[in-house]
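One file, input.txt, is given below (compact mmCIF, C-alpha atoms and all ligand atoms).
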```
# COMPACT_ATOMS: atom_id res chain seq x y z
CA MET A 1 187.82 43.28 121.05
CA GLU A 2 185.12 42.02 123.46
CA ARG A 3 182.47 44.45 124.70
CA THR A 4 179.91 44.39 127.51
CA PHE A 5 176.87 46.43 128.49
CA ILE A 6 176.90 47.96 131.98
CA MET A 7 174.10 49.98 133.57
CA ILE A 8 174.28 51.86 136.85
CA LYS A 9 170.76 51.39 138.21
CA PRO A 10 168.63 54.18 139.76
CA ASP A 11 169.89 53.43 143.29
CA GLY A 12 173.54 53.76 142.19
CA VAL A 13 172.85 57.13 140.56
CA GLN A 14 170.74 58.42 143.49
CA ARG A 15 173.42 57.38 145.98
CA GLY A 16 176.14 59.27 144.14
CA LEU A 17 178.13 56.17 143.21
CA VAL A 18 178.50 56.87 139.47
CA GLY A 19 182.09 58.13 139.78
CA GLU A 20 183.10 55.33 142.15
CA ILE A 21 181.68 52.65 139.83
CA ILE A 22 183.12 54.08 136.61
CA GLY A 23 186.45 54.42 138.43
CA ARG A 24 186.57 50.70 139.13
CA PHE A 25 186.20 49.80 135.46
CA GLU A 26 188.77 52.44 134.48
CA ALA A 27 191.26 51.34 137.12
CA LYS A 28 190.93 47.71 136.06
CA GLY A 29 192.08 48.70 132.58
CA PHE A 30 188.91 48.48 130.49
CA THR A 31 188.09 51.01 127.77
CA LEU A 32 184.95 53.15 127.82
CA VAL A 33 183.40 53.17 124.34
CA GLY A 34 179.86 54.41 125.14
CA LEU A 35 178.28 56.43 127.95
CA LYS A 36 174.95 58.16 128.50
CA SER A 37 172.46 58.94 131.24
CA LEU A 38 168.78 58.45 130.54
CA SER A 39 165.33 57.91 131.96
CA VAL A 40 164.34 54.41 130.89
CA SER A 41 161.00 53.80 129.15
CA ARG A 42 158.85 50.88 130.26
CA GLU A 43 159.26 49.36 126.81
CA LEU A 44 163.07 49.42 127.03
CA ALA A 45 163.15 48.06 130.60
CA GLU A 46 160.76 45.23 129.69
CA GLU A 47 162.81 44.31 126.63
CA HIS A 48 166.07 44.46 128.60
CA TYR A 49 164.75 42.10 131.31
CA ASP A 50 162.62 40.03 128.90
CA VAL A 51 164.30 36.80 130.09
CA HIS A 52 162.73 37.37 133.53
CA LYS A 53 159.21 38.24 132.32
CA GLU A 54 157.58 35.20 133.99
CA ARG A 55 159.33 35.77 137.33
CA PRO A 56 157.37 37.23 140.29
CA PHE A 57 159.81 40.13 140.66
CA PHE A 58 159.53 41.25 136.99
CA GLY A 59 156.94 44.04 137.47
CA GLY A 60 158.76 45.50 140.47
CA LEU A 61 162.09 45.28 138.67
CA VAL A 62 160.75 47.19 135.64
CA ASP A 63 159.12 49.81 137.92
CA PHE A 64 162.46 50.25 139.70
CA ILE A 65 164.54 50.65 136.53
CA CYS A 66 162.07 53.29 135.27
CA SER A 67 161.80 55.12 138.61
CA SER A 68 164.81 57.44 138.27
CA PRO A 69 167.69 58.00 135.78
CA VAL A 70 170.30 55.36 135.00
CA VAL A 71 173.77 55.51 133.46
CA ALA A 72 174.28 53.18 130.51
CA MET A 73 177.77 52.23 129.34
CA VAL A 74 179.69 50.00 127.00
CA TRP A 75 183.12 48.81 128.15
CA GLU A 76 185.69 47.04 126.02
CA GLY A 77 188.62 44.74 126.76
CA ASP A 78 189.88 41.17 126.70
CA GLY A 79 187.47 39.01 128.71
CA VAL A 80 185.46 42.06 129.77
CA VAL A 81 182.08 40.27 129.97
CA ALA A 82 183.10 37.76 132.65
CA SER A 83 185.50 40.15 134.36
CA ALA A 84 182.79 42.82 134.72
CA ARG A 85 180.51 40.27 136.38
CA LYS A 86 183.33 39.60 138.87
CA LEU A 87 183.82 43.31 139.54
CA ILE A 88 180.05 43.60 140.10
CA GLY A 89 179.68 40.59 142.42
CA ALA A 90 176.81 38.23 143.25
CA THR A 91 173.19 39.24 142.55
CA ASN A 92 172.39 39.49 146.27
CA PRO A 93 174.72 42.13 147.74
CA LEU A 94 174.66 40.37 151.11
CA SER A 95 176.31 37.35 149.44
CA ALA A 96 178.63 39.40 147.24
CA GLU A 97 182.29 39.38 148.24
CA PRO A 98 183.80 42.52 149.77
CA GLY A 99 185.83 44.22 147.06
CA THR A 100 183.02 43.84 144.55
CA ILE A 101 180.68 46.74 143.77
CA ARG A 102 177.59 45.03 145.21
CA GLY A 103 179.61 43.59 148.10
CA ASP A 104 180.98 47.00 149.07
CA PHE A 105 177.90 49.17 148.59
CA GLY A 106 174.65 47.16 148.71
CA VAL A 107 172.39 45.35 151.19
CA SER A 108 169.32 44.21 149.22
CA VAL A 109 168.77 42.12 146.08
CA GLY A 110 166.34 44.56 144.47
CA LEU A 111 168.67 47.52 145.02
CA ASN A 112 171.91 46.00 143.78
CA LEU A 113 173.26 49.11 142.06
CA ILE A 114 174.43 47.83 138.72
CA HIS A 115 173.72 45.52 135.80
CA GLY A 116 176.29 43.69 133.69
CA SER A 117 175.69 41.42 130.68
CA ASP A 118 175.91 37.73 131.66
CA ALA A 119 177.45 36.33 128.43
CA ILE A 120 179.10 37.52 125.21
CA GLU A 121 175.93 36.86 123.19
CA THR A 122 173.74 38.71 125.71
CA ALA A 123 176.20 41.60 125.70
CA GLN A 124 175.88 42.02 121.93
CA LYS A 125 172.08 41.98 122.19
CA GLU A 126 172.03 44.49 125.05
CA ILE A 127 174.52 46.86 123.38
CA ASN A 128 172.31 46.90 120.27
CA LEU A 129 169.22 47.50 122.41
CA TRP A 130 170.66 50.43 124.39
CA PHE A 131 173.04 52.12 121.93
CA SER A 132 173.04 53.09 118.28
CA GLU A 133 176.16 52.44 116.20
CA LYS A 134 177.04 56.15 116.10
CA GLU A 135 176.94 56.47 119.90
CA LEU A 136 179.84 54.00 120.20
CA LEU A 137 183.51 54.82 119.79
CA SER A 138 186.16 52.78 118.10
CA TRP A 139 189.47 53.74 119.72
CA GLU A 140 192.48 52.21 121.35
CA PRO A 141 193.84 54.11 124.35
CA THR A 142 197.63 54.46 124.29
CA VAL A 143 197.70 52.99 127.80
CA ASN A 144 196.72 49.63 126.28
CA ALA A 145 200.37 49.16 125.35
CA TRP A 146 201.00 48.90 129.14
CA LEU A 147 198.03 46.62 129.79
CA TYR A 148 198.24 43.93 127.11
CA GLU A 149 201.28 41.75 126.38
P1 LIG A 201 171.33 42.02 136.48
O1 LIG A 201 170.70 41.26 135.34
O2 LIG A 201 170.50 43.18 136.94
O3 LIG A 201 172.75 42.40 136.17
O4 LIG A 201 171.45 41.06 137.77
P2 LIG A 201 171.94 39.56 137.81
O5 LIG A 201 172.32 39.09 136.43
O6 LIG A 201 172.96 39.46 138.88
O7 LIG A 201 170.63 38.82 138.31
P3 LIG A 201 169.38 38.30 137.46
O8 LIG A 201 169.12 36.91 137.88
O9 LIG A 201 169.56 38.58 136.01
O10 LIG A 201 168.21 39.18 138.03
C1 LIG A 201 167.93 40.46 137.52
C2 LIG A 201 167.61 41.41 138.64
O11 LIG A 201 166.38 41.06 139.22
C3 LIG A 201 166.39 41.35 140.60
N1 LIG A 201 166.05 40.16 141.34
N2 LIG A 201 165.23 40.17 142.33
N3 LIG A 201 163.58 39.42 144.49
C4 LIG A 201 164.34 38.53 143.90
O12 LIG A 201 164.39 37.37 144.28
C5 LIG A 201 165.15 38.92 142.78
N4 LIG A 201 165.90 38.13 142.05
C6 LIG A 201 166.48 38.94 141.12
C7 LIG A 201 167.78 41.80 140.98
O13 LIG A 201 167.77 43.20 141.14
C8 LIG A 201 168.61 41.36 139.81
O14 LIG A 201 169.69 42.22 139.62
MG MG A 202 171.06 39.31 134.76
```
Please go through the file and, once you have read it, give me the structure as structure tokens.
Ligand code: RTP
Ligand code: MG
Amino acid sequence: MERTFIMIKPDGVQRGLVGEIIGRFEAKGFTLVGLKSLSVSRELAEEHYDVHKERPFFGGLVDFICSSPVVAMVWEGDGVVASARKLIGATNPLSAEPGTIRGDFGVSVGLNLIHGSDAIETAQKEINLWFSEKELLSWEPTVNAWLYE
């Protein structure tokens, strides 16, 4: 089954939106297979956003991710990588559709509440970066019988 890496960024945790955000993934029908809160090291943040290391916002982005605790998660389900990106919404919350997490709760691109892997390959890389094998569950909720044909 497909898996994706989701992180509630420091602004989402500080604003008390952890429950609201997790609730959206649960209500959609995805399965939580990994969950932890942590303070992110500079090394981890830099590796996570390595693809953006030449961009002007890179330093500020790393500072922000390390500034306060985050909640890291792995969610599982058919098509979860692309679907999670839809639940999250566009990078700039002002352009994100209402009904999406960024569209409903954010107003600035740097404080956009949540990260989601952008492709299946990236998801695998990010899951391996943030979680060890033993931190991840392998389980099938009984409710899946009412979610998948
Ligand atoms: P993320 O990786 O955090 O899930 O966000 P994303 O895919 O929607 O956007 P991405 O292009 O990967 O950018 C990573 C994060 O960098 C910040 N950003 N700032 N100031 C700017 O122009 C700018 N552009 C991007 C955002 O916080 C974005 O989430
Ligand atoms: Mg991205």
Problem - Exercise answer, 9 Å around ligand LIG 201 (chain A) with only C-alpha atoms and all ligand atoms, as number ranges by chain - result: A: 6-7, 9, 48-49, 51-52, 55-58, 60-61, 64, 85, 88-92, 108-118
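Across the structure, CA of Ile101 (chain A) and CA of Ala82 (chain A) are spaced 14.5 Å apart.
Those residues that approach region 42-45 of chain A to within 8 Å, counting all atoms listed in the file, are Val62, Asp63, Ile65, Cys66 and Leu129 of chain A; same-chain residues fewer than 6 positions away are not listed.
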Practice task
Using only C-alpha atoms and all ligand atoms, find the one residue out of A:Gly106, A:Glu76, A:Asp11, A:Phe5 that sits nearest to ligand MG 202 (chain A).
Solution key: A:Phe5
Practice task
Determine, counting only C-alpha atoms, which protein, DNA and RNA residues have an atom within 8 Å of an atom of Ala123 (chain A); residues of the same chain fewer than 2 positions away are not included. Present the result as a ChimeraX atom specification.
Solution key: /A:3-5,81,117-121,125-127
N, CA, C and O atoms are needed for region 21-33 of chain A; please write them out as a tab-separated table (two decimals), in the coordinates of the input.
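So result-v7.tsv came out as:
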```
chain	number	residue	atom	x	y	z
A	21	ILE	N	181.87	53.85	140.66
A	21	ILE	CA	181.68	52.65	139.83
A	21	ILE	C	182.46	52.76	138.52
A	21	ILE	O	183.18	51.84	138.14
A	22	ILE	N	182.36	53.91	137.86
A	22	ILE	CA	183.12	54.08	136.61
A	22	ILE	C	184.61	53.95	136.91
A	22	ILE	O	185.35	53.32	136.14
A	23	GLY	N	185.05	54.48	138.04
A	23	GLY	CA	186.45	54.42	138.43
A	23	GLY	C	186.97	53.00	138.54
A	23	GLY	O	188.14	52.74	138.22
A	24	ARG	N	186.13	52.09	138.99
A	24	ARG	CA	186.57	50.70	139.13
A	24	ARG	C	186.85	50.05	137.78
A	24	ARG	O	187.79	49.28	137.63
A	25	PHE	N	185.99	50.36	136.80
A	25	PHE	CA	186.20	49.80	135.46
A	25	PHE	C	187.43	50.44	134.80
A	25	PHE	O	188.20	49.76	134.12
A	26	GLU	N	187.59	51.74	135.02
A	26	GLU	CA	188.77	52.44	134.48
A	26	GLU	C	190.05	51.89	135.09
A	26	GLU	O	191.02	51.60	134.39
A	27	ALA	N	190.05	51.77	136.42
A	27	ALA	CA	191.26	51.34	137.12
A	27	ALA	C	191.65	49.91	136.74
A	27	ALA	O	192.83	49.58	136.69
A	28	LYS	N	190.65	49.09	136.46
A	28	LYS	CA	190.93	47.71	136.06
A	28	LYS	C	191.69	47.67	134.73
A	28	LYS	O	192.53	46.80	134.50
A	29	GLY	N	191.38	48.64	133.86
A	29	GLY	CA	192.08	48.70	132.58
A	29	GLY	C	191.16	48.55	131.37
A	29	GLY	O	191.65	48.41	130.25
A	30	PHE	N	189.84	48.58	131.62
A	30	PHE	CA	188.91	48.48	130.49
A	30	PHE	C	188.72	49.84	129.82
A	30	PHE	O	189.02	50.89	130.41
A	31	THR	N	188.23	49.80	128.60
A	31	THR	CA	188.09	51.01	127.77
A	31	THR	C	186.61	51.39	127.64
A	31	THR	O	185.79	50.55	127.26
A	32	LEU	N	186.32	52.65	127.94
A	32	LEU	CA	184.95	53.15	127.82
A	32	LEU	C	184.67	53.52	126.37
A	32	LEU	O	185.34	54.39	125.81
A	33	VAL	N	183.70	52.87	125.75
A	33	VAL	CA	183.40	53.17	124.34
A	33	VAL	C	181.99	53.74	124.15
A	33	VAL	O	181.63	54.14	123.03
```
